[in-house]
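Visitor: I'm passing along upload-v3.cif; it holds mmCIF, C-alpha atoms.
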```cif
data_query
#
loop_
_atom_site.group_PDB
_atom_site.id
_atom_site.type_symbol
_atom_site.label_atom_id
_atom_site.label_comp_id
_atom_site.auth_asym_id
_atom_site.auth_seq_id
_atom_site.Cartn_x
_atom_site.Cartn_y
_atom_site.Cartn_z
ATOM 1 C CA MET S 499 -49.054 -196.776 -44.692
ATOM 2 C CA SER S 500 -50.258 -200.376 -44.830
ATOM 3 C CA ALA S 501 -52.611 -202.590 -46.764
ATOM 4 C CA LYS S 502 -53.679 -204.399 -43.598
ATOM 5 C CA ILE S 503 -57.456 -204.655 -43.308
ATOM 6 C CA PHE S 504 -59.178 -205.273 -39.973
ATOM 7 C CA PRO S 505 -62.727 -206.485 -40.575
ATOM 8 C CA THR S 506 -63.815 -205.661 -37.007
ATOM 9 C CA ALA S 507 -62.782 -203.249 -34.279
ATOM 10 C CA GLN S 508 -61.842 -206.271 -32.184
ATOM 11 C CA ASP S 509 -59.451 -207.401 -34.903
ATOM 12 C CA ALA S 510 -57.825 -203.975 -34.794
ATOM 13 C CA GLN S 511 -57.580 -204.175 -31.027
ATOM 14 C CA ASN S 512 -56.003 -207.630 -31.121
ATOM 15 C CA ALA S 513 -53.434 -206.341 -33.616
ATOM 16 C CA PHE S 514 -52.769 -203.315 -31.402
ATOM 17 C CA TYR S 515 -51.823 -205.405 -28.370
ATOM 18 C CA GLU S 516 -49.855 -207.897 -30.495
ATOM 19 C CA ALA S 517 -47.831 -205.030 -31.972
ATOM 20 C CA LEU S 518 -47.320 -203.608 -28.485
ATOM 21 C CA GLU S 519 -46.012 -206.947 -27.181
ATOM 22 C CA ARG S 520 -43.750 -207.439 -30.182
ATOM 23 C CA CYS S 521 -42.565 -203.809 -30.212
ATOM 24 C CA ASP S 522 -43.374 -203.787 -33.912
ATOM 25 C CA LEU S 523 -43.653 -200.136 -34.906
ATOM 26 C CA GLU S 524 -44.963 -200.709 -38.428
ATOM 27 C CA ALA S 525 -47.575 -203.191 -37.233
ATOM 28 C CA MET S 526 -48.560 -200.726 -34.508
ATOM 29 C CA MET S 527 -48.981 -197.809 -36.879
ATOM 30 C CA ALA S 528 -50.926 -200.032 -39.304
ATOM 31 C CA VAL S 529 -53.578 -200.334 -36.584
ATOM 32 C CA TRP S 530 -54.071 -196.578 -36.389
ATOM 33 C CA SER S 531 -56.221 -194.511 -38.694
ATOM 34 C CA GLU S 532 -54.132 -192.730 -41.329
ATOM 35 C CA ASP S 533 -55.971 -189.522 -40.491
ATOM 36 C CA GLU S 534 -54.285 -186.713 -38.593
ATOM 37 C CA GLU S 535 -57.107 -186.800 -36.029
ATOM 38 C CA ILE S 536 -55.672 -189.506 -33.797
ATOM 39 C CA VAL S 537 -55.014 -189.227 -30.082
ATOM 40 C CA CYS S 538 -52.842 -191.339 -27.792
ATOM 41 C CA VAL S 539 -52.383 -190.953 -24.045
ATOM 42 C CA HIS S 540 -49.847 -193.244 -22.422
ATOM 43 C CA PRO S 541 -50.009 -193.704 -18.635
ATOM 44 C CA ALA S 542 -48.879 -190.473 -16.977
ATOM 45 C CA GLY S 543 -47.941 -189.154 -20.402
ATOM 46 C CA GLN S 544 -48.662 -186.058 -22.396
ATOM 47 C CA ARG S 545 -51.651 -186.200 -24.738
ATOM 48 C CA LEU S 546 -50.238 -187.007 -28.189
ATOM 49 C CA ALA S 547 -52.150 -185.903 -31.278
ATOM 50 C CA GLY S 548 -51.475 -186.606 -34.942
ATOM 51 C CA GLN S 549 -49.423 -189.222 -36.769
ATOM 52 C CA ALA S 550 -45.973 -187.793 -36.019
ATOM 53 C CA GLU S 551 -46.390 -187.504 -32.242
ATOM 54 C CA VAL S 552 -48.109 -190.857 -31.859
ATOM 55 C CA ARG S 553 -45.539 -192.685 -34.005
ATOM 56 C CA GLU S 554 -42.535 -191.075 -32.291
ATOM 57 C CA ALA S 555 -43.759 -192.080 -28.833
ATOM 58 C CA TRP S 556 -44.225 -195.695 -29.882
ATOM 59 C CA ARG S 557 -40.813 -195.657 -31.578
ATOM 60 C CA ARG S 558 -39.148 -194.575 -28.341
ATOM 61 C CA MET S 559 -41.145 -197.017 -26.293
ATOM 62 C CA PHE S 560 -40.288 -199.924 -28.585
ATOM 63 C CA ALA S 561 -36.573 -199.064 -28.727
ATOM 64 C CA GLY S 562 -35.784 -201.362 -25.801
ATOM 65 C CA GLY S 563 -37.310 -204.383 -27.494
ATOM 66 C CA PRO S 564 -40.109 -206.716 -26.391
ATOM 67 C CA LYS S 565 -40.515 -207.096 -22.634
ATOM 68 C CA LEU S 566 -44.249 -206.912 -21.965
ATOM 69 C CA ARG S 567 -47.123 -209.339 -21.989
ATOM 70 C CA VAL S 568 -50.589 -207.812 -21.945
ATOM 71 C CA ARG S 569 -53.696 -209.720 -20.902
ATOM 72 C CA ILE S 570 -56.977 -207.905 -21.539
ATOM 73 C CA THR S 571 -59.845 -208.329 -19.082
ATOM 74 C CA GLN S 572 -63.158 -206.713 -18.163
ATOM 75 C CA GLN S 573 -63.860 -205.408 -21.634
ATOM 76 C CA VAL S 574 -66.905 -203.198 -22.137
ATOM 77 C CA VAL S 575 -67.784 -202.492 -25.771
ATOM 78 C CA ILE S 576 -69.999 -199.666 -26.964
ATOM 79 C CA ALA S 577 -70.599 -200.088 -30.659
ATOM 80 C CA SER S 578 -72.202 -198.094 -33.429
ATOM 81 C CA VAL S 579 -72.021 -198.653 -37.160
ATOM 82 C CA MET S 580 -68.963 -196.495 -37.759
ATOM 83 C CA LEU S 581 -67.290 -196.138 -34.375
ATOM 84 C CA GLU S 582 -66.661 -198.392 -31.382
ATOM 85 C CA ALA S 583 -65.372 -197.624 -27.914
ATOM 86 C CA HIS S 584 -63.723 -200.428 -25.967
ATOM 87 C CA SER S 585 -62.959 -200.012 -22.279
ATOM 88 C CA VAL S 586 -60.516 -202.622 -21.003
ATOM 89 C CA HIS S 587 -58.211 -203.497 -18.175
ATOM 90 C CA GLU S 588 -54.655 -204.129 -19.332
ATOM 91 C CA ASN S 589 -52.901 -206.636 -17.095
ATOM 92 C CA ILE S 590 -49.241 -206.186 -17.879
ATOM 93 C CA THR S 591 -46.406 -208.513 -17.005
ATOM 94 C CA VAL S 592 -42.838 -207.315 -17.502
ATOM 95 C CA THR S 593 -40.097 -209.795 -18.390
ATOM 96 C CA GLY S 594 -37.923 -210.485 -15.357
ATOM 97 C CA GLU S 595 -40.534 -209.347 -12.856
ATOM 98 C CA THR S 596 -42.145 -211.978 -10.694
ATOM 99 C CA ARG S 597 -45.551 -210.415 -10.233
ATOM 100 C CA PRO S 598 -47.931 -208.572 -12.557
ATOM 101 C CA ARG S 599 -48.110 -204.802 -12.403
ATOM 102 C CA PRO S 600 -51.299 -203.145 -11.169
ATOM 103 C CA PRO S 601 -53.747 -202.962 -14.068
ATOM 104 C CA MET S 602 -54.067 -200.074 -16.474
ATOM 105 C CA VAL S 603 -57.494 -198.962 -17.589
ATOM 106 C CA ALA S 604 -57.651 -198.129 -21.273
ATOM 107 C CA THR S 605 -60.216 -196.511 -23.505
ATOM 108 C CA ASN S 606 -59.721 -197.570 -27.108
ATOM 109 C CA VAL S 607 -61.810 -195.981 -29.844
ATOM 110 C CA TYR S 608 -62.004 -197.434 -33.343
ATOM 111 C CA LEU S 609 -63.320 -195.949 -36.568
ATOM 112 C CA ARG S 610 -64.616 -197.859 -39.562
ATOM 113 C CA THR S 611 -62.602 -196.452 -42.440
ATOM 114 C CA ALA S 612 -62.415 -197.260 -46.136
ATOM 115 C CA ALA S 613 -59.488 -199.498 -45.153
ATOM 116 C CA GLY S 614 -61.341 -201.377 -42.433
ATOM 117 C CA TRP S 615 -61.434 -200.667 -38.699
ATOM 118 C CA ARG S 616 -58.648 -198.496 -37.328
ATOM 119 C CA MET S 617 -57.761 -197.077 -33.935
ATOM 120 C CA ILE S 618 -58.318 -193.355 -33.438
ATOM 121 C CA VAL S 619 -57.964 -193.010 -29.652
ATOM 122 C CA HIS S 620 -55.916 -194.916 -27.093
ATOM 123 C CA HIS S 621 -56.067 -193.515 -23.573
ATOM 124 C CA ALA S 622 -54.434 -195.561 -20.821
ATOM 125 C CA SER S 623 -53.952 -194.673 -17.185
ATOM 126 C CA PRO S 624 -53.127 -196.526 -13.978
ATOM 127 C CA ALA S 625 -56.125 -198.076 -12.240
ATOM 128 C CA PRO S 626 -56.087 -198.791 -8.540
ATOM 129 C CA GLY S 627 -55.774 -202.489 -7.862
ATOM 130 C CA GLN S 628 -58.550 -202.751 -5.341
ATOM 131 C CA PRO S 629 -62.302 -202.558 -5.935
ATOM 132 C CA GLN S 630 -63.842 -199.249 -4.991
ATOM 133 C CA ALA S 631 -65.313 -200.387 -1.659
ATOM 134 C CA ALA S 632 -63.905 -197.333 0.056
ATOM 135 C CA ALA S 633 -64.461 -194.530 -2.413
ATOM 136 C CA PRO S 634 -61.179 -193.123 -3.727
ATOM 137 C CA ALA S 635 -63.096 -189.885 -4.282
ATOM 138 C CA HIS S 636 -62.942 -189.251 -0.528
ATOM 139 C CA LYS S 637 -59.284 -189.887 0.067
ATOM 140 C CA GLY S 638 -57.703 -186.606 -0.954
ATOM 141 C CA PRO S 639 -57.800 -183.547 -3.170
ATOM 142 C CA PRO S 640 -56.302 -184.992 -6.370
ATOM 143 C CA LYS S 641 -58.882 -187.736 -6.412
ATOM 144 C CA THR S 642 -61.860 -185.475 -5.742
ATOM 145 C CA LEU S 643 -61.260 -183.320 -8.776
ATOM 146 C CA HIS S 644 -63.379 -185.646 -10.831
ATOM 147 C CA MET Q 340 -84.175 -190.021 -16.375
ATOM 148 C CA SER Q 341 -84.509 -186.656 -18.076
ATOM 149 C CA ALA Q 342 -86.201 -185.033 -21.033
ATOM 150 C CA LYS Q 343 -83.117 -182.943 -21.758
ATOM 151 C CA ILE Q 344 -82.130 -183.084 -25.415
ATOM 152 C CA PHE Q 345 -78.622 -182.229 -26.583
ATOM 153 C CA PRO Q 346 -78.674 -181.538 -30.329
ATOM 154 C CA THR Q 347 -74.892 -181.979 -30.664
ATOM 155 C CA ALA Q 348 -72.151 -183.839 -28.838
ATOM 156 C CA GLN Q 349 -70.631 -180.468 -27.983
ATOM 157 C CA ASP Q 350 -73.886 -179.449 -26.272
ATOM 158 C CA ALA Q 351 -73.689 -182.613 -24.193
ATOM 159 C CA GLN Q 352 -70.079 -181.863 -23.332
ATOM 160 C CA ASN Q 353 -70.876 -178.295 -22.289
ATOM 161 C CA ALA Q 354 -73.658 -179.611 -20.048
ATOM 162 C CA PHE Q 355 -71.272 -182.195 -18.589
ATOM 163 C CA TYR Q 356 -68.744 -179.598 -17.423
ATOM 164 C CA GLU Q 357 -71.475 -177.234 -16.223
ATOM 165 C CA ALA Q 358 -72.976 -180.018 -14.122
ATOM 166 C CA LEU Q 359 -69.523 -180.866 -12.807
ATOM 167 C CA GLU Q 360 -68.878 -177.263 -11.771
ATOM 168 C CA ARG Q 361 -72.304 -176.913 -10.167
ATOM 169 C CA CYS Q 362 -72.137 -180.351 -8.496
ATOM 170 C CA ASP Q 363 -75.593 -180.999 -9.942
ATOM 171 C CA LEU Q 364 -76.078 -184.762 -9.885
ATOM 172 C CA GLU Q 365 -79.336 -184.860 -11.847
ATOM 173 C CA ALA Q 366 -77.944 -182.551 -14.536
ATOM 174 C CA MET Q 367 -74.801 -184.704 -14.667
ATOM 175 C CA MET Q 368 -76.701 -187.954 -15.093
ATOM 176 C CA ALA Q 369 -78.947 -186.339 -17.723
ATOM 177 C CA VAL Q 370 -75.823 -185.968 -19.864
ATOM 178 C CA TRP Q 371 -75.090 -189.683 -19.782
ATOM 179 C CA SER Q 372 -76.694 -192.301 -21.986
ATOM 180 C CA GLU Q 373 -79.454 -194.164 -20.176
ATOM 181 C CA ASP Q 374 -77.915 -197.405 -21.362
ATOM 182 C CA GLU Q 375 -76.047 -199.699 -18.995
ATOM 183 C CA GLU Q 376 -73.022 -199.604 -21.288
ATOM 184 C CA ILE Q 377 -71.430 -196.453 -19.899
ATOM 185 C CA VAL Q 378 -67.903 -196.140 -18.570
ATOM 186 C CA CYS Q 379 -66.338 -193.486 -16.346
ATOM 187 C CA VAL Q 380 -62.722 -193.282 -15.190
ATOM 188 C CA HIS Q 381 -61.901 -190.500 -12.756
ATOM 189 C CA PRO Q 382 -58.230 -189.543 -12.308
ATOM 190 C CA ALA Q 383 -56.458 -192.351 -10.458
ATOM 191 C CA GLY Q 384 -59.831 -194.007 -9.977
ATOM 192 C CA GLN Q 385 -61.280 -197.429 -10.584
ATOM 193 C CA ARG Q 386 -63.008 -197.974 -13.929
ATOM 194 C CA LEU Q 387 -66.730 -197.501 -13.255
ATOM 195 C CA ALA Q 388 -69.236 -199.243 -15.520
ATOM 196 C CA GLY Q 389 -73.020 -198.981 -15.602
ATOM 197 C CA GLN Q 390 -75.507 -196.437 -14.280
ATOM 198 C CA ALA Q 391 -75.262 -197.323 -10.593
ATOM 199 C CA GLU Q 392 -71.478 -197.132 -10.292
ATOM 200 C CA VAL Q 393 -71.165 -193.985 -12.373
ATOM 201 C CA ARG Q 394 -73.958 -192.194 -10.505
ATOM 202 C CA GLU Q 395 -72.689 -193.173 -7.054
ATOM 203 C CA ALA Q 396 -69.196 -191.843 -7.787
ATOM 204 C CA TRP Q 397 -70.551 -188.484 -8.933
ATOM 205 C CA ARG Q 398 -72.864 -188.356 -5.892
ATOM 206 C CA ARG Q 399 -69.910 -188.776 -3.540
ATOM 207 C CA MET Q 400 -67.815 -186.316 -5.489
ATOM 208 C CA PHE Q 401 -70.541 -183.683 -5.457
ATOM 209 C CA ALA Q 402 -71.287 -184.120 -1.740
ATOM 210 C CA GLY Q 403 -68.841 -181.379 -0.785
ATOM 211 C CA GLY Q 404 -70.555 -178.809 -2.992
ATOM 212 C CA PRO Q 405 -69.223 -176.686 -5.852
ATOM 213 C CA LYS Q 406 -65.545 -175.841 -5.636
ATOM 214 C CA LEU Q 407 -64.129 -176.355 -9.127
ATOM 215 C CA ARG Q 408 -63.895 -174.297 -12.274
ATOM 216 C CA VAL Q 409 -62.992 -176.210 -15.431
ATOM 217 C CA ARG Q 410 -61.600 -174.563 -18.541
ATOM 218 C CA ILE Q 411 -61.393 -176.809 -21.602
ATOM 219 C CA THR Q 412 -58.501 -176.386 -24.027
ATOM 220 C CA GLN Q 413 -56.779 -178.231 -26.871
ATOM 221 C CA GLN Q 414 -59.871 -180.080 -27.983
ATOM 222 C CA VAL Q 415 -59.522 -182.684 -30.723
ATOM 223 C CA VAL Q 416 -62.815 -183.975 -32.116
ATOM 224 C CA ILE Q 417 -63.224 -187.186 -34.076
ATOM 225 C CA ALA Q 418 -66.761 -187.351 -35.365
ATOM 226 C CA SER Q 419 -68.923 -189.888 -37.122
ATOM 227 C CA VAL Q 420 -72.659 -189.831 -37.678
ATOM 228 C CA MET Q 421 -73.578 -191.683 -34.499
ATOM 229 C CA LEU Q 422 -70.550 -191.363 -32.241
ATOM 230 C CA GLU Q 423 -68.015 -188.660 -31.428
ATOM 231 C CA ALA Q 424 -64.799 -188.787 -29.465
ATOM 232 C CA HIS Q 425 -63.523 -185.559 -27.913
ATOM 233 C CA SER Q 426 -60.033 -185.368 -26.455
ATOM 234 C CA VAL Q 427 -59.559 -182.330 -24.221
ATOM 235 C CA HIS Q 428 -57.345 -180.817 -21.598
ATOM 236 C CA GLU Q 429 -59.237 -179.929 -18.427
ATOM 237 C CA ASN Q 430 -57.684 -176.951 -16.672
ATOM 238 C CA ILE Q 431 -59.109 -177.083 -13.173
ATOM 239 C CA THR Q 432 -59.068 -174.334 -10.593
ATOM 240 C CA VAL Q 433 -60.113 -175.170 -7.045
ATOM 241 C CA THR Q 434 -61.796 -172.532 -4.890
ATOM 242 C CA GLY Q 435 -59.367 -171.187 -2.305
ATOM 243 C CA GLU Q 436 -56.288 -172.257 -4.235
ATOM 244 C CA THR Q 437 -54.155 -169.555 -5.770
ATOM 245 C CA ARG Q 438 -52.887 -171.416 -8.805
ATOM 246 C CA PRO Q 439 -54.470 -173.831 -11.279
ATOM 247 C CA ARG Q 440 -53.841 -177.550 -10.906
ATOM 248 C CA PRO Q 441 -51.832 -179.362 -13.567
ATOM 249 C CA PRO Q 442 -54.152 -180.235 -16.439
ATOM 250 C CA MET Q 443 -56.102 -183.437 -16.774
ATOM 251 C CA VAL Q 444 -56.388 -185.100 -20.155
ATOM 252 C CA ALA Q 445 -59.858 -186.459 -20.848
ATOM 253 C CA THR Q 446 -61.348 -188.663 -23.501
ATOM 254 C CA ASN Q 447 -65.079 -188.073 -23.800
ATOM 255 C CA VAL Q 448 -67.164 -190.256 -26.092
ATOM 256 C CA TYR Q 449 -70.703 -189.336 -27.096
ATOM 257 C CA LEU Q 450 -73.428 -191.402 -28.736
ATOM 258 C CA ARG Q 451 -76.323 -190.092 -30.789
ATOM 259 C CA THR Q 452 -79.354 -191.657 -29.129
ATOM 260 C CA ALA Q 453 -83.093 -191.328 -29.703
ATOM 261 C CA ALA Q 454 -82.943 -188.657 -26.988
ATOM 262 C CA GLY Q 455 -80.151 -186.639 -28.578
ATOM 263 C CA TRP Q 456 -76.421 -186.845 -27.929
ATOM 264 C CA ARG Q 457 -75.360 -188.449 -24.662
ATOM 265 C CA MET Q 458 -72.059 -189.272 -23.017
ATOM 266 C CA ILE Q 459 -71.029 -192.930 -22.950
ATOM 267 C CA VAL Q 460 -67.369 -192.708 -21.897
ATOM 268 C CA HIS Q 461 -65.488 -190.229 -19.722
ATOM 269 C CA HIS Q 462 -61.865 -191.132 -19.052
ATOM 270 C CA ALA Q 463 -59.752 -188.525 -17.267
ATOM 271 C CA SER Q 464 -56.186 -188.841 -16.040
ATOM 272 C CA PRO Q 465 -53.438 -186.464 -14.943
ATOM 273 C CA ALA Q 466 -51.352 -185.045 -17.767
ATOM 274 C CA PRO Q 467 -47.840 -183.849 -17.148
ATOM 275 C CA GLY Q 468 -47.619 -180.073 -17.245
ATOM 276 C CA GLN Q 469 -44.647 -179.853 -19.547
ATOM 277 C CA PRO Q 470 -44.470 -180.619 -23.262
ATOM 278 C CA GLN Q 471 -42.906 -183.960 -24.114
ATOM 279 C CA ALA Q 472 -39.499 -182.563 -25.054
ATOM 280 C CA ALA Q 473 -37.773 -185.161 -22.928
ATOM 281 C CA ALA Q 474 -39.732 -188.332 -23.525
ATOM 282 C CA PRO Q 475 -41.551 -189.522 -20.391
ATOM 283 C CA ALA Q 476 -41.307 -192.985 -21.898
ATOM 284 C CA HIS Q 477 -37.634 -193.053 -20.950
ATOM 285 C CA LYS Q 478 -37.857 -191.861 -17.387
ATOM 286 C CA GLY Q 479 -38.834 -194.993 -15.508
ATOM 287 C CA PRO Q 480 -40.604 -198.331 -15.590
ATOM 288 C CA PRO Q 481 -44.203 -197.208 -15.026
ATOM 289 C CA LYS Q 482 -43.980 -194.860 -17.970
ATOM 290 C CA THR Q 483 -42.417 -197.378 -20.333
ATOM 291 C CA LEU Q 484 -45.241 -199.874 -20.041
ATOM 292 C CA HIS Q 485 -46.967 -198.400 -23.029
#
```
Show this structure as structure tokens.

Guide:
Amino acid sequence: MSAKIFPTAQDAQNAFYEALERCDLEAMMAVWSEDEEIVCVHPAGQRLAGQAEVREAWRRMFAGGPKLRVRITQQVVIASVMLEAHSVHENITVTGETRPRPPMVATNVYLRTAAGWRMIVHHASPAPGQPQAAAPAHKGPPKTLH
Amino acid sequence: MSAKIFPTAQDAQNAFYEALERCDLEAMMAVWSEDEEIVCVHPAGQRLAGQAEVREAWRRMFAGGPKLRVRITQQVVIASVMLEAHSVHENITVTGETRPRPPMVATNVYLRTAAGWRMIVHHASPAPGQPQAAAPAHKGPPKTLH
């Protein structure tokens, strides 16, 4: 799909968020592994699996053109030789809005392939804005599930 | 923390959901890597990082005693020698409720450690119940973020 080589998982991640900001579908898909075993979960979205589903969702999302800025904070990296998991907070600002949205928490998993590091999992979901001083787990049934 | 050895990532995952159903805190923490680099995101919850935060959240969640049954479906496994990522749907039934809750989508990442396979990331979030025939990405601002 692309000759782009990412020497590190972090390079792949940087390219992922750049493609997201630019709404560049080809650059986005060049970040992903070419394997069928890829998984993408957008906030409040269906779990997408495989090239066709993942690509189609990004295509729809990018149709409106660039409007987001994403600032990554609080990254935790768990690395092995062939696979890395990055947990990050995505601080998203939308063009025309005066204040940033509440952060998303994302789990990004990268695989070292013959063509360099590629994304295999992106799972993003809304994170509450406040630190967990009062435990969300006690506030109601949906949050106690686990 | 425990001498429990999980020979495969799937064994660790089975033990994870058994511990969750039984509300067994020690069994739950025995599934996790003993490293500080562990990450847990409960549905609609703060990102938890490190042993203390992860343990405390499970402790609070388990305080009410067993009330959940979890049936895992639609598993996608991405495996390398040292690390595996499992994407699953968690179909949760709560004791006393007549119908199952909408599924959660979970990304579970396992690391092969000196003490067998252990969990390093659990990220769960609500998944919409219906297939993505009409794209959620077009329904409103929070879903278009990415």

Visitor: Please identify all polymer residues lying at most 12 Å from the point (-56.6, -174.5, -2.6) (file coordinates), using only C-alpha atoms, and present the result as a PyMOL selection string.

Guide: (chain S and resi 639-640+643) or (chain Q and resi 406-407+431-440)

Visitor: Once the PyMOL selection byres ((chain S and resi 547-558) around 6) is applied to the coordinates I shared, what remains selected? I want it as JSON, numbers by chain.

Guide: {"S": [534, 535, 536, 537, 546, 559, 560, 561]}

Visitor: With 9 Å as the threshold, what does the neighbourhood of (-54.6, -203.2, -17.6) contain in terms of residues, counting all atoms listed in the file? Coordinates are those of the file; answer as a list in words.

Guide: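 It turns out the residues near that spot are Val568, Arg569, Ile570, Thr571, Val586, His587, Glu588, Asn589, Ile590, Arg599, Pro600, Pro601, Met602, Val603, Ala604, Ala622, Ser623, Pro624 and Ala625 of chain S.
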
Visitor: Measure the distance from atom CA of S:Asn606 to atom CA of Q:Asn353 in Å and round it to one decimal.

Guide: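 Separating atom CA of S:Asn606 from atom CA of Q:Asn353 is a distance of 22.8 Å.
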
Visitor: Selection in question (the file shown): the PyMOL selection byres ((chain S and resi 579-585) around 6). Which residues does it include, as a list in words?

Guide: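 When the PyMOL selection byres ((chain S and resi 579-585) around 6) is applied to the shown file, the picked residues are Gln573, Val574, Val575, Ile576, Ala577, Ser578, Val586, Ala604, Thr605, Asn606, Val607, Tyr608, Leu609 and Arg610 of chain S.
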
Visitor: How many Å lie between atom CA of Q:His462 and atom CA of S:Gly562, rounded to one decimal?

Guide: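 Atom-to-atom, atom CA of Q:His462 to atom CA of S:Gly562, that is 28.8 Å.
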
Visitor: So the first atom is atom CA of Q:Met367 and the second is atom CA of Q:His381; what is the distance between them in Å, to one decimal place?

Guide: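 Interatomic distance here is 14.3 Å.
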
Visitor: Pick from S:Cys521, S:Ala507, S:Ala542, S:Ala612: nearest to chain Q, with all atoms listed in the file counted?

Guide: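 So, comparing all the options, the nearest one is S:Ala542.
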
Visitor: Could you work out an axis-aligned bounding box for all listed atoms of stretch 557-561 of chain S, with 4 Å added on each of the six sides, and give its centre and edge lengths in Å to one decimal, as lines of an AutoDock Vina configuration file?

Guide:
```
center_x = -38.9
center_y = -197.2
center_z = -28.9
size_x = 12.6
size_y = 13.3
size_z = 13.3
```

Visitor: Pull out every residue that the PyMOL selection byres ((chain Q and resi 366) around 9) matches in the shown coordinates and put them as a list in words.

Guide: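 Expected selection for the PyMOL selection byres ((chain Q and resi 366) around 9) here is Ser341, Lys343, Ala354, Phe355, Glu357, Ala358, Leu359, Cys362, Asp363, Leu364, Glu365, Met367, Met368, Ala369 and Val370 of chain Q.
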
Visitor: Which residue, Q:Gly455, Q:Pro346, Q:Arg361, Q:Pro467, has the smallest gap to chain S when you use all atoms listed in the file?

Guide: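 Distance minimum relative to chain S lands on Q:Pro467.
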
Visitor: Point out the residue among Q:Gln413, Q:Glu360, Q:Pro405, Q:Glu373 with the least atom-to-atom distance to S:Arg545, counting only C-alpha atoms.

Guide: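 Between Q:Gln413, Q:Glu360, Q:Pro405, Q:Glu373, the residue approaching S:Arg545 most closely is Q:Gln413.
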
Visitor: Provide stretch 388-400 of chain Q rebuilt to N, CA, C and O atoms, formatted as a PDB file, in the frame of the given file.

Guide:
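This is the output file out.pdb:
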```pdb
ATOM      1  N   ALA Q 388     -68.413-198.845 -14.381  1.00  0.00           N
ATOM      2  CA  ALA Q 388     -69.236-199.243 -15.520  1.00  0.00           C
ATOM      3  C   ALA Q 388     -70.685-199.383 -15.084  1.00  0.00           C
ATOM      4  O   ALA Q 388     -70.986-199.930 -14.018  1.00  0.00           O
ATOM      5  N   GLY Q 389     -71.590-198.869 -15.897  1.00  0.00           N
ATOM      6  CA  GLY Q 389     -73.020-198.981 -15.602  1.00  0.00           C
ATOM      7  C   GLY Q 389     -73.540-197.786 -14.825  1.00  0.00           C
ATOM      8  O   GLY Q 389     -72.802-197.051 -14.185  1.00  0.00           O
ATOM      9  N   GLN Q 390     -74.847-197.603 -14.897  1.00  0.00           N
ATOM     10  CA  GLN Q 390     -75.507-196.437 -14.280  1.00  0.00           C
ATOM     11  C   GLN Q 390     -75.211-196.305 -12.787  1.00  0.00           C
ATOM     12  O   GLN Q 390     -74.885-195.222 -12.301  1.00  0.00           O
ATOM     13  N   ALA Q 391     -75.349-197.409 -12.052  1.00  0.00           N
ATOM     14  CA  ALA Q 391     -75.262-197.323 -10.593  1.00  0.00           C
ATOM     15  C   ALA Q 391     -73.872-196.875 -10.143  1.00  0.00           C
ATOM     16  O   ALA Q 391     -73.736-195.962  -9.322  1.00  0.00           O
ATOM     17  N   GLU Q 392     -72.843-197.488 -10.698  1.00  0.00           N
ATOM     18  CA  GLU Q 392     -71.478-197.132 -10.292  1.00  0.00           C
ATOM     19  C   GLU Q 392     -71.127-195.697 -10.677  1.00  0.00           C
ATOM     20  O   GLU Q 392     -70.515-194.963  -9.908  1.00  0.00           O
ATOM     21  N   VAL Q 393     -71.506-195.329 -11.897  1.00  0.00           N
ATOM     22  CA  VAL Q 393     -71.165-193.985 -12.373  1.00  0.00           C
ATOM     23  C   VAL Q 393     -71.881-192.932 -11.527  1.00  0.00           C
ATOM     24  O   VAL Q 393     -71.282-191.959 -11.062  1.00  0.00           O
ATOM     25  N   ARG Q 394     -73.183-193.150 -11.295  1.00  0.00           N
ATOM     26  CA  ARG Q 394     -73.958-192.194 -10.505  1.00  0.00           C
ATOM     27  C   ARG Q 394     -73.420-192.060  -9.082  1.00  0.00           C
ATOM     28  O   ARG Q 394     -73.272-190.952  -8.558  1.00  0.00           O
ATOM     29  N   GLU Q 395     -73.136-193.195  -8.455  1.00  0.00           N
ATOM     30  CA  GLU Q 395     -72.689-193.173  -7.054  1.00  0.00           C
ATOM     31  C   GLU Q 395     -71.364-192.407  -6.907  1.00  0.00           C
ATOM     32  O   GLU Q 395     -71.174-191.654  -5.943  1.00  0.00           O
ATOM     33  N   ALA Q 396     -70.471-192.565  -7.871  1.00  0.00           N
ATOM     34  CA  ALA Q 396     -69.196-191.843  -7.787  1.00  0.00           C
ATOM     35  C   ALA Q 396     -69.407-190.332  -7.907  1.00  0.00           C
ATOM     36  O   ALA Q 396     -68.789-189.551  -7.178  1.00  0.00           O
ATOM     37  N   TRP Q 397     -70.269-189.924  -8.827  1.00  0.00           N
ATOM     38  CA  TRP Q 397     -70.551-188.484  -8.933  1.00  0.00           C
ATOM     39  C   TRP Q 397     -71.238-187.978  -7.667  1.00  0.00           C
ATOM     40  O   TRP Q 397     -70.953-186.870  -7.205  1.00  0.00           O
ATOM     41  N   ARG Q 398     -72.154-188.771  -7.116  1.00  0.00           N
ATOM     42  CA  ARG Q 398     -72.864-188.356  -5.892  1.00  0.00           C
ATOM     43  C   ARG Q 398     -71.856-188.072  -4.782  1.00  0.00           C
ATOM     44  O   ARG Q 398     -71.920-187.021  -4.115  1.00  0.00           O
ATOM     45  N   ARG Q 399     -70.914-188.978  -4.587  1.00  0.00           N
ATOM     46  CA  ARG Q 399     -69.910-188.776  -3.540  1.00  0.00           C
ATOM     47  C   ARG Q 399     -69.052-187.549  -3.832  1.00  0.00           C
ATOM     48  O   ARG Q 399     -68.714-186.786  -2.937  1.00  0.00           O
ATOM     49  N   MET Q 400     -68.690-187.421  -5.112  1.00  0.00           N
ATOM     50  CA  MET Q 400     -67.815-186.316  -5.489  1.00  0.00           C
ATOM     51  C   MET Q 400     -68.498-184.971  -5.309  1.00  0.00           C
ATOM     52  O   MET Q 400     -67.862-183.973  -4.975  1.00  0.00           O
TER      53      MET Q 400
END
```
